[in-house]
Structures are given as structure tokens and as C-alpha cells.
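Some notes on the structure that comes next.
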Amino acid sequence: MSKPVVAIVGRPNVGKSTLFNVLAGEMISIVKDTPGVTRDRIYADVSWLDQDFTLIDTGGIEPESSDIILSQMREQAQIAIDTADVIIFITDVRQGLVDADSKVADMLHRARKPVILAVNKVDNFDKFMPDVYEFYNLGIGDPNPVSASSRLGIGDLLDAVVSYFPEKTEEEEEDERPRVAIVGKPNVGKSSIINKLLGENRVIVSDIAGTTRDAIDTEIVHDGREYVFIDTAGLRRKSKIKEELERYSIIRTVTAVERADVVLMVIDAVEGVTEQDAKIAGIAHERGKGVIIVVNKWDAIEKNDKTMREYEGKIRNVLSYMPYAEIMYISAKTGQRIHKLFEMIDMVIENQSLRIATGVLNEIMTEAVAMQQPPSDKGKRLKLYYITQVSVKPPTFVIFVNDKELMHFSYTRYLENKIREAFGFRGTSLKFFIRERKEKEK
């Protein structure tokens, strides 16, 4: 089951970014920003008590503004609202209840989603509480007084948010069908790939609306096995502002990737791999998903005997943080290699679920240490006691050492490479956690 999605919405200058930064970066224990997402952060992974969720920041909503940037913010916020499981609607106690707040509230009523009303900038509860009560007029429910800048009332706000999270049902736990997200920039051929897969297989079970997500789930049967494809292709209207288009892509991608086992990262062969591709792929990498880079429109490329090798070199250079990703060259237009996608998806899912016995892992580690001595610092050398695999999807390992400060990233990567040499793990990232263990406890 994927993590719930929480969107922060409200008109400009009520403190959305401050609240987002407090939740994402300072109060909450586990937060990682996806590599490559620059400028303003759009989303963050957050934990509160025993609940994990994805938090989305939005641009300020100006319901009736004709300014093109503000109208794009409004559209982007609408996508976040459509995507979210729970919405935090933030207002400003010092400005009081204004007409724009009521218009945003109307927008949220139409969304039919759980909405938590946060009244921000309540730095002094005794002083401002009479003003907080005014916000009952929005018809959203009980206002939650908070001060994002002073970190007041944040715990009660989060308690209210997580109370709406769905419980995992037995049906969801038993759904073993591979889930495949098709992601990438607009116009790279994501819809065409889905349509070709449907057209060639001609055994579509059904189209089902994507629950609370702004994406369409399509069930496809291939060689007797059911797959669920999560399509993020259709933006309602194409933004002409690059930054806002990025926000759309990232919001849609985060929620689709969160639900997937394997991600098909689609690249336009004619345009080549871009910085935006790296950002989108980084989302899948950060979440430990299986990744297949699908180079579409390969039929439109003039080729010689070096074309594929040179093209792969460019991809590996831009996406250097995910050397494990598989690469396929296809054409949705002609159907070239489309049928091979299922073989690749099956292989990546198998690798994502692969478990290695502890004894075998320790043999590999012992041999690796013998071949290349662990690093040392100021006369103290790193000692590796043992390694064990603790989970799958992605395969996750814990290495016990005498001093984790001595465990350089480069040596972890060296051990990862040795494990990959033995077992492949093609198409999936591997996660490593380093734990200290005193020698006498060995």
C-alpha cells in the first residue's frame, strides 16, 4: 500500500512554505529530498509517530486572478488537491477571514476530500483565540490554531491529519499483481506505449479509475499474468511556464511512483535525456523502485553501429546515480520491442524480491575485505563483523561494524558492486544501513 498524500493549500502569504519547511525539515524525524529536485521543494517524505506520508507544497491560490503565473499556481494547486488523500487548508489569523479564503474553501468543498483547517500565526493563544473562532464561518470544521514559525500547535495539527489516513485492508495486502508506473515528461509517448500494450495484447480486463489518485490504472493480461499500469500521461492543460510544468510532472510522478513496484522512465529518443528526466528518475531512485529507462521513438533516430552505445553513454552520464537501471530502445509507433517490456518488468520484479542467505552474504563480504582492506583513520581501522539482508523491494542490507564513521561511502559502494557481481540485482537499487557493534559483543 502506498503512503498517503497530504497537500498544503491556501492563498499566497499565509505561511504555507513555513509550515512545509517545519514539517519536512525540522520537526519530523525521517525526511529525504529526492536528488536533482532544485529550486523550491515540491514534496517531502514525512513521518509522524508511526505514520509515514508524502507532503506536497503548492503555490498560493488566487481564485479569481487573471495573472498568468497565479492562474498556473491555481491549476497546479488543483492537481495537488485531486492527488491528495488529506488537505491542510492554511489561513492567517492576523489578516483575518478574507473573501479569497471563502473562495478557496468552496474549491475544497467540491473536492470532497478530508480537509484540516489550520489558522496560522497564532503566536499567543490567549490573545488570538477569539479571532480564530471567526474561521468557523468557512464551514470546513474546527479551526486548528498553529504558529508555523514558533512551532506551536503542530502536533495537534498532525494528529488531526493522520486520523484520516486509511487503514490497510486485507484485500490490498493480498494484491500481488505487479504495479508498473509509466513516468516522464509530457509528450514523450507514455500514452502511446499504454495504447500499444493494450492493442497488442487485446485482453484488457477493465479500466478502473485510480481511486484518490489523479492517474488511471489499467489492467493488462500478458501470458496469463495480470499487470496494473499506472498512467500519468494526461495533464489537463499544458502549462507554458516551465517551472509550473515541472511542478505538475513532479506531483503526478511522486504519487504514481509511490504506488508502483517498477517504474518505466520514458525518454524521447529525438530530444535525448534531459535534466528534467534526471529529476523525475530521481524520484523512483529515492524510493527504491525497480527502474527501466525506456527510450521511445527509436525509429526516428538515424543509426550506425555505434549509435546505441553512444546513446547509452549519454544516459548513464546524466543518470549516473542509478547505474543499475535497465535500458530499452522501443518505438510505440511501430511496436518495435514493445513486447519485450513484459520480460524486462518480470526480471526487475524478481530482482527486487530476491533474498540472499546471510551465510552467502558474509562469504562475499569476507572475500571482498581480503581483496581490498577497509579504510582507516588516525590509526583506527574499520572492522566489518557481518552483513545480513533485512527486507526486499528494494533489497535492503545491514552491515555491522566497529565504527560507522569509518565506513566511507566509497567502501559501501565497493561492497555493493561485489554483491551485484554475484547476484546481479539488475534494474533495482540496493539499500545499505551501517550499524555499530562493540567488539566484545561480536
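Naming scheme: A, B, ... for chains in displayed order of the C-alpha cells; residues 1 onward per chain; ligands 1 onward as shown.
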Excluding A:Val294 and residues on its chain fewer than 5 positions from it, collect all residues at most 9 Å away from it, counting only C-alpha atoms, and give them as a ChimeraX atom specification. /A:264-268,326-330,341
Please produce a file of the residues just selected, as a PDB file, in the first residue's frame, where the atoms kept are C-alpha atoms.
```
ATOM      1  CA  LEU A 264       9.157   2.812 -16.713  1.00  0.00           C
ATOM      2  CA  MET A 265      11.051   6.076 -17.162  1.00  0.00           C
ATOM      3  CA  VAL A 266      10.186   7.161 -20.712  1.00  0.00           C
ATOM      4  CA  ILE A 267      12.669   9.336 -22.642  1.00  0.00           C
ATOM      5  CA  ASP A 268      12.196  10.904 -26.081  1.00  0.00           C
ATOM      6  CA  GLU A 326      17.957  -1.242 -17.312  1.00  0.00           C
ATOM      7  CA  ILE A 327      17.686   0.494 -20.708  1.00  0.00           C
ATOM      8  CA  MET A 328      15.339  -0.452 -23.558  1.00  0.00           C
ATOM      9  CA  TYR A 329      15.019   1.142 -27.000  1.00  0.00           C
ATOM     10  CA  ILE A 330      11.483   0.976 -28.375  1.00  0.00           C
ATOM     11  CA  LEU A 341       8.815  -4.781 -21.913  1.00  0.00           C
TER      12      LEU A 341
END
```
For stretch 130-140 of chain A: contacts at 7 Å, only C-alpha atoms, fewer than 4 positions along chain excluded, given as number ranges by chain: A: 93, 97, 102, 105, 115, 117, 119, 145
Could you please take those selected residues and save C-alpha atoms as a PDB file, in the first residue's frame?
```pdb
ATOM      1  CA  VAL A  93      -5.258  34.889  11.854  1.00  0.00           C
ATOM      2  CA  LEU A  97     -11.050  35.873   7.271  1.00  0.00           C
ATOM      3  CA  SER A 102     -14.002  31.625   1.277  1.00  0.00           C
ATOM      4  CA  ALA A 105     -12.946  26.844   0.850  1.00  0.00           C
ATOM      5  CA  VAL A 115      -9.766  18.986   4.974  1.00  0.00           C
ATOM      6  CA  LEU A 117      -8.276  23.869   8.687  1.00  0.00           C
ATOM      7  CA  VAL A 119      -5.197  29.063  11.301  1.00  0.00           C
ATOM      8  CA  PRO A 145      -4.616  27.272  15.818  1.00  0.00           C
TER       9      PRO A 145
END
```
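Straight-line separation from atom CA of A:Arg151 to atom CA of A:Asn124: 11.8 Å.
The smallest atom-to-atom distance between A:Glu286 and any of A:Ile87, A:Ile301, A:Ala160, A:Leu430, using only C-alpha atoms, is found for A:Leu430.
Using only C-alpha atoms, the contacts of stretch 258-260 of chain A at a cut-off of 6 Å, with sequence neighbours closer than 3 positions omitted, comprise Ser2, Arg179, Val180, Ala181 and Thr255 of chain A.
With distances taken over only C-alpha atoms, A:Lys3 is the one residue among A:His408, A:Lys3, A:Lys333, A:Lys383 lying closest to A:Glu167.
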Quick one: DSSP alpha helix (DSSP H) residues in stretch 72-228 of chain A, as a PyMOL selection string? chain A and resi 72-83+99-111+125-132+154-162+170-174+190-201
Taking the backbone alone, and naming residues the way the document does, which bits of stretch 208-396 of chain A are strand (DSSP E or B) by DSSP, as a VMD selection string? chain A and resid 208 to 209 216 to 222 225 to 231 262 to 268 290 to 296 326 to 329 331 336 376 to 377 380 to 381 384 to 391 396
Serialized selection, N, CA and C atoms, as a compact mmCIF listing (two decimals), in the first residue's frame:
```txt
# COMPACT_ATOMS: atom_id res chain seq x y z
N ILE A 208 -10.01 1.04 -14.64
CA ILE A 208 -10.56 1.42 -13.34
C ILE A 208 -10.01 2.77 -12.95
N ALA A 209 -10.88 3.66 -12.49
CA ALA A 209 -10.44 4.99 -12.06
C ALA A 209 -9.46 4.84 -10.91
N ILE A 216 -4.74 7.07 -14.07
CA ILE A 216 -5.63 5.99 -14.47
C ILE A 216 -4.90 4.66 -14.35
N ASP A 217 -5.53 3.71 -13.66
CA ASP A 217 -4.99 2.36 -13.56
C ASP A 217 -5.61 1.51 -14.68
N THR A 218 -4.76 0.81 -15.40
CA THR A 218 -5.23 -0.06 -16.47
C THR A 218 -4.71 -1.47 -16.22
N GLU A 219 -5.62 -2.43 -16.19
CA GLU A 219 -5.22 -3.82 -16.01
C GLU A 219 -4.96 -4.45 -17.37
N ILE A 220 -3.80 -5.10 -17.50
CA ILE A 220 -3.44 -5.77 -18.75
C ILE A 220 -3.00 -7.19 -18.40
N VAL A 221 -3.45 -8.15 -19.19
CA VAL A 221 -3.02 -9.54 -19.01
C VAL A 221 -2.06 -9.90 -20.13
N HIS A 222 -0.89 -10.42 -19.74
CA HIS A 222 0.10 -10.86 -20.74
C HIS A 222 0.58 -12.24 -20.34
N ARG A 225 -0.56 -13.52 -16.98
CA ARG A 225 -0.25 -12.77 -15.76
C ARG A 225 -0.86 -11.38 -15.83
N GLU A 226 -1.48 -10.96 -14.74
CA GLU A 226 -2.10 -9.63 -14.69
C GLU A 226 -1.08 -8.58 -14.23
N TYR A 227 -1.12 -7.44 -14.88
CA TYR A 227 -0.30 -6.29 -14.51
C TYR A 227 -1.22 -5.09 -14.35
N VAL A 228 -0.87 -4.19 -13.44
CA VAL A 228 -1.59 -2.93 -13.32
C VAL A 228 -0.64 -1.81 -13.75
N PHE A 229 -1.01 -1.12 -14.83
CA PHE A 229 -0.20 0.00 -15.32
C PHE A 229 -0.81 1.31 -14.82
N ILE A 230 0.04 2.12 -14.21
CA ILE A 230 -0.38 3.41 -13.66
C ILE A 230 0.09 4.49 -14.64
N ASP A 231 -0.85 5.11 -15.31
CA ASP A 231 -0.54 6.06 -16.38
C ASP A 231 -0.66 7.48 -15.86
N VAL A 262 7.58 -1.26 -10.20
CA VAL A 262 8.56 -0.97 -11.25
C VAL A 262 8.14 0.33 -11.94
N VAL A 263 9.14 1.14 -12.27
CA VAL A 263 8.89 2.41 -12.94
C VAL A 263 9.49 2.36 -14.34
N LEU A 264 8.66 2.63 -15.35
CA LEU A 264 9.16 2.81 -16.71
C LEU A 264 9.40 4.30 -16.91
N MET A 265 10.68 4.68 -16.97
CA MET A 265 11.05 6.08 -17.16
C MET A 265 11.20 6.33 -18.66
N VAL A 266 10.22 7.02 -19.26
CA VAL A 266 10.19 7.16 -20.71
C VAL A 266 10.93 8.42 -21.14
N ILE A 267 11.85 8.24 -22.11
CA ILE A 267 12.67 9.34 -22.64
C ILE A 267 12.41 9.44 -24.14
N ASP A 268 12.36 10.65 -24.65
CA ASP A 268 12.20 10.90 -26.08
C ASP A 268 13.56 10.74 -26.76
N GLY A 290 12.09 -0.48 -8.73
CA GLY A 290 12.74 -1.02 -9.90
C GLY A 290 12.63 0.00 -11.02
N VAL A 291 13.68 0.17 -11.82
CA VAL A 291 13.68 1.21 -12.85
C VAL A 291 14.11 0.64 -14.20
N ILE A 292 13.27 0.91 -15.21
CA ILE A 292 13.62 0.60 -16.60
C ILE A 292 13.54 1.90 -17.38
N ILE A 293 14.65 2.30 -17.98
CA ILE A 293 14.66 3.51 -18.81
C ILE A 293 14.22 3.11 -20.21
N VAL A 294 13.10 3.65 -20.65
CA VAL A 294 12.52 3.29 -21.93
C VAL A 294 12.73 4.44 -22.91
N VAL A 295 13.60 4.23 -23.88
CA VAL A 295 13.89 5.25 -24.89
C VAL A 295 12.90 5.04 -26.04
N ASN A 296 11.90 5.92 -26.11
CA ASN A 296 10.85 5.80 -27.12
C ASN A 296 11.22 6.59 -28.38
N GLU A 326 17.94 -0.60 -16.00
CA GLU A 326 17.96 -1.24 -17.31
C GLU A 326 17.55 -0.22 -18.38
N ILE A 327 18.03 -0.40 -19.61
CA ILE A 327 17.69 0.49 -20.71
C ILE A 327 17.09 -0.31 -21.85
N MET A 328 15.97 0.17 -22.40
CA MET A 328 15.34 -0.45 -23.56
C MET A 328 15.08 0.60 -24.62
N TYR A 329 15.26 0.23 -25.88
CA TYR A 329 15.02 1.14 -27.00
C TYR A 329 13.80 0.64 -27.76
N SER A 331 9.84 1.65 -29.98
CA SER A 331 9.01 2.59 -30.73
C SER A 331 7.56 2.22 -30.51
N GLN A 336 8.11 -1.60 -32.18
CA GLN A 336 9.46 -2.17 -32.03
C GLN A 336 9.78 -2.45 -30.56
N SER A 376 40.97 3.25 7.06
CA SER A 376 41.34 3.54 8.45
C SER A 376 41.51 5.04 8.62
N ASP A 377 41.48 5.49 9.88
CA ASP A 377 41.64 6.92 10.16
C ASP A 377 42.35 7.06 11.50
N LYS A 380 43.09 3.95 13.40
CA LYS A 380 41.98 3.04 13.70
C LYS A 380 41.39 2.53 12.39
N ARG A 381 41.32 1.21 12.27
CA ARG A 381 40.84 0.63 11.02
C ARG A 381 39.41 0.12 11.17
N LEU A 384 34.61 -4.99 9.73
CA LEU A 384 33.28 -5.40 9.34
C LEU A 384 32.99 -6.75 10.00
N TYR A 385 31.95 -6.81 10.83
CA TYR A 385 31.64 -8.04 11.56
C TYR A 385 30.75 -8.97 10.74
N TYR A 386 29.61 -8.49 10.33
CA TYR A 386 28.79 -9.32 9.45
C TYR A 386 27.74 -8.48 8.74
N ILE A 387 27.14 -9.11 7.74
CA ILE A 387 26.13 -8.44 6.92
C ILE A 387 24.92 -9.36 6.82
N THR A 388 23.72 -8.76 6.81
CA THR A 388 22.50 -9.55 6.65
C THR A 388 21.48 -8.76 5.85
N GLN A 389 20.64 -9.46 5.12
CA GLN A 389 19.57 -8.80 4.37
C GLN A 389 18.32 -8.75 5.24
N VAL A 390 17.72 -7.57 5.35
CA VAL A 390 16.59 -7.40 6.26
C VAL A 390 15.25 -7.23 5.55
N SER A 391 15.26 -6.87 4.27
CA SER A 391 13.98 -6.72 3.56
C SER A 391 14.20 -6.73 2.05
N THR A 396 17.41 -4.73 0.98
CA THR A 396 17.99 -3.84 1.99
C THR A 396 18.88 -4.65 2.92
```
For A:Gln95: contacts at 12 Å, only C-alpha atoms, fewer than 4 positions along chain excluded, given as a ChimeraX atom specification: /A:11-15,91,99-101,119-122,128,131-132,134-135
How about saving the chosen residues, N, CA and C atoms kept, as a JSON list (two decimals), in the first residue's frame?
```json
[["chain", "number", "residue", "atom", "x", "y", "z"],
["A", 11, "ARG", "N", -4.29, 30.61, 0.14],
["A", 11, "ARG", "CA", -3.92, 31.74, -0.71],
["A", 11, "ARG", "C", -2.48, 32.16, -0.41],
["A", 12, "PRO", "N", -1.89, 33.04, -1.22],
["A", 12, "PRO", "CA", -0.49, 33.43, -1.02],
["A", 12, "PRO", "C", -0.25, 34.12, 0.33],
["A", 13, "ASN", "N", 0.94, 33.92, 0.84],
["A", 13, "ASN", "CA", 1.45, 34.66, 2.01],
["A", 13, "ASN", "C", 0.71, 34.38, 3.32],
["A", 14, "VAL", "N", 0.22, 33.15, 3.47],
["A", 14, "VAL", "CA", -0.38, 32.79, 4.75],
["A", 14, "VAL", "C", 0.54, 31.88, 5.56],
["A", 15, "GLY", "N", 1.70, 31.51, 4.98],
["A", 15, "GLY", "CA", 2.67, 30.70, 5.72],
["A", 15, "GLY", "C", 2.76, 29.25, 5.29],
["A", 91, "THR", "N", -4.77, 29.31, 6.75],
["A", 91, "THR", "CA", -5.23, 30.70, 6.71],
["A", 91, "THR", "C", -4.38, 31.52, 7.67],
["A", 99, "ASP", "N", -12.21, 37.34, 1.71],
["A", 99, "ASP", "CA", -13.06, 36.75, 0.67],
["A", 99, "ASP", "C", -12.34, 35.62, -0.07],
["A", 100, "ALA", "N", -11.03, 35.78, -0.31],
["A", 100, "ALA", "CA", -10.27, 34.75, -1.03],
["A", 100, "ALA", "C", -10.26, 33.43, -0.26],
["A", 101, "ASP", "N", -10.25, 33.49, 1.08],
["A", 101, "ASP", "CA", -10.31, 32.27, 1.88],
["A", 101, "ASP", "C", -11.61, 31.51, 1.61],
["A", 119, "VAL", "N", -5.25, 27.59, 11.21],
["A", 119, "VAL", "CA", -5.20, 29.06, 11.30],
["A", 119, "VAL", "C", -3.81, 29.42, 11.80],
["A", 120, "ASN", "N", -3.01, 30.00, 10.93],
["A", 120, "ASN", "CA", -1.58, 30.21, 11.20],
["A", 120, "ASN", "C", -1.33, 31.56, 11.89],
["A", 121, "LYS", "N", -0.11, 31.69, 12.40],
["A", 121, "LYS", "CA", 0.41, 32.91, 13.04],
["A", 121, "LYS", "C", -0.26, 33.20, 14.39],
["A", 122, "VAL", "N", -0.75, 32.11, 15.04],
["A", 122, "VAL", "CA", -1.30, 32.25, 16.39],
["A", 122, "VAL", "C", -0.15, 32.07, 17.37],
["A", 128, "PHE", "N", -5.04, 35.55, 20.56],
["A", 128, "PHE", "CA", -5.61, 35.38, 19.22],
["A", 128, "PHE", "C", -6.80, 34.42, 19.13],
["A", 131, "ASP", "N", -10.08, 35.53, 17.67],
["A", 131, "ASP", "CA", -10.04, 35.73, 16.22],
["A", 131, "ASP", "C", -10.07, 34.40, 15.47],
["A", 132, "VAL", "N", -9.57, 33.34, 16.10],
["A", 132, "VAL", "CA", -9.56, 32.03, 15.45],
["A", 132, "VAL", "C", -11.00, 31.55, 15.21],
["A", 134, "GLU", "N", -13.53, 33.01, 14.30],
["A", 134, "GLU", "CA", -14.14, 33.58, 13.10],
["A", 134, "GLU", "C", -14.07, 32.60, 11.92],
["A", 135, "PHE", "N", -13.05, 31.74, 11.92],
["A", 135, "PHE", "CA", -12.82, 30.86, 10.77],
["A", 135, "PHE", "C", -13.80, 29.68, 10.73]]
```
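The space separating atom CA of A:Lys113 from atom CA of A:Pro143 comes to 16.4 Å.
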Using only C-alpha atoms, determine which residues lie at most 9 Å from stretch 303-320 of chain A, disregarding the query and same-chain residues fewer than 4 positions distant; provide the list as a list in words. Ala269, Gly272, Val273, Thr274, Glu275, Asp277, Ala278, Ala281, Gly282, Ile293, Ile327 and Tyr329 of chain A
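If you look at atom CA of A:Ile116 and atom CA of A:Ala256, they are 23.9 Å away from each other.
Among A:Val146, A:Ala284, A:Ala111, A:His339, the residue with the shortest atom-to-atom distance to A:Met322, counting only C-alpha atoms, is A:Ala284.
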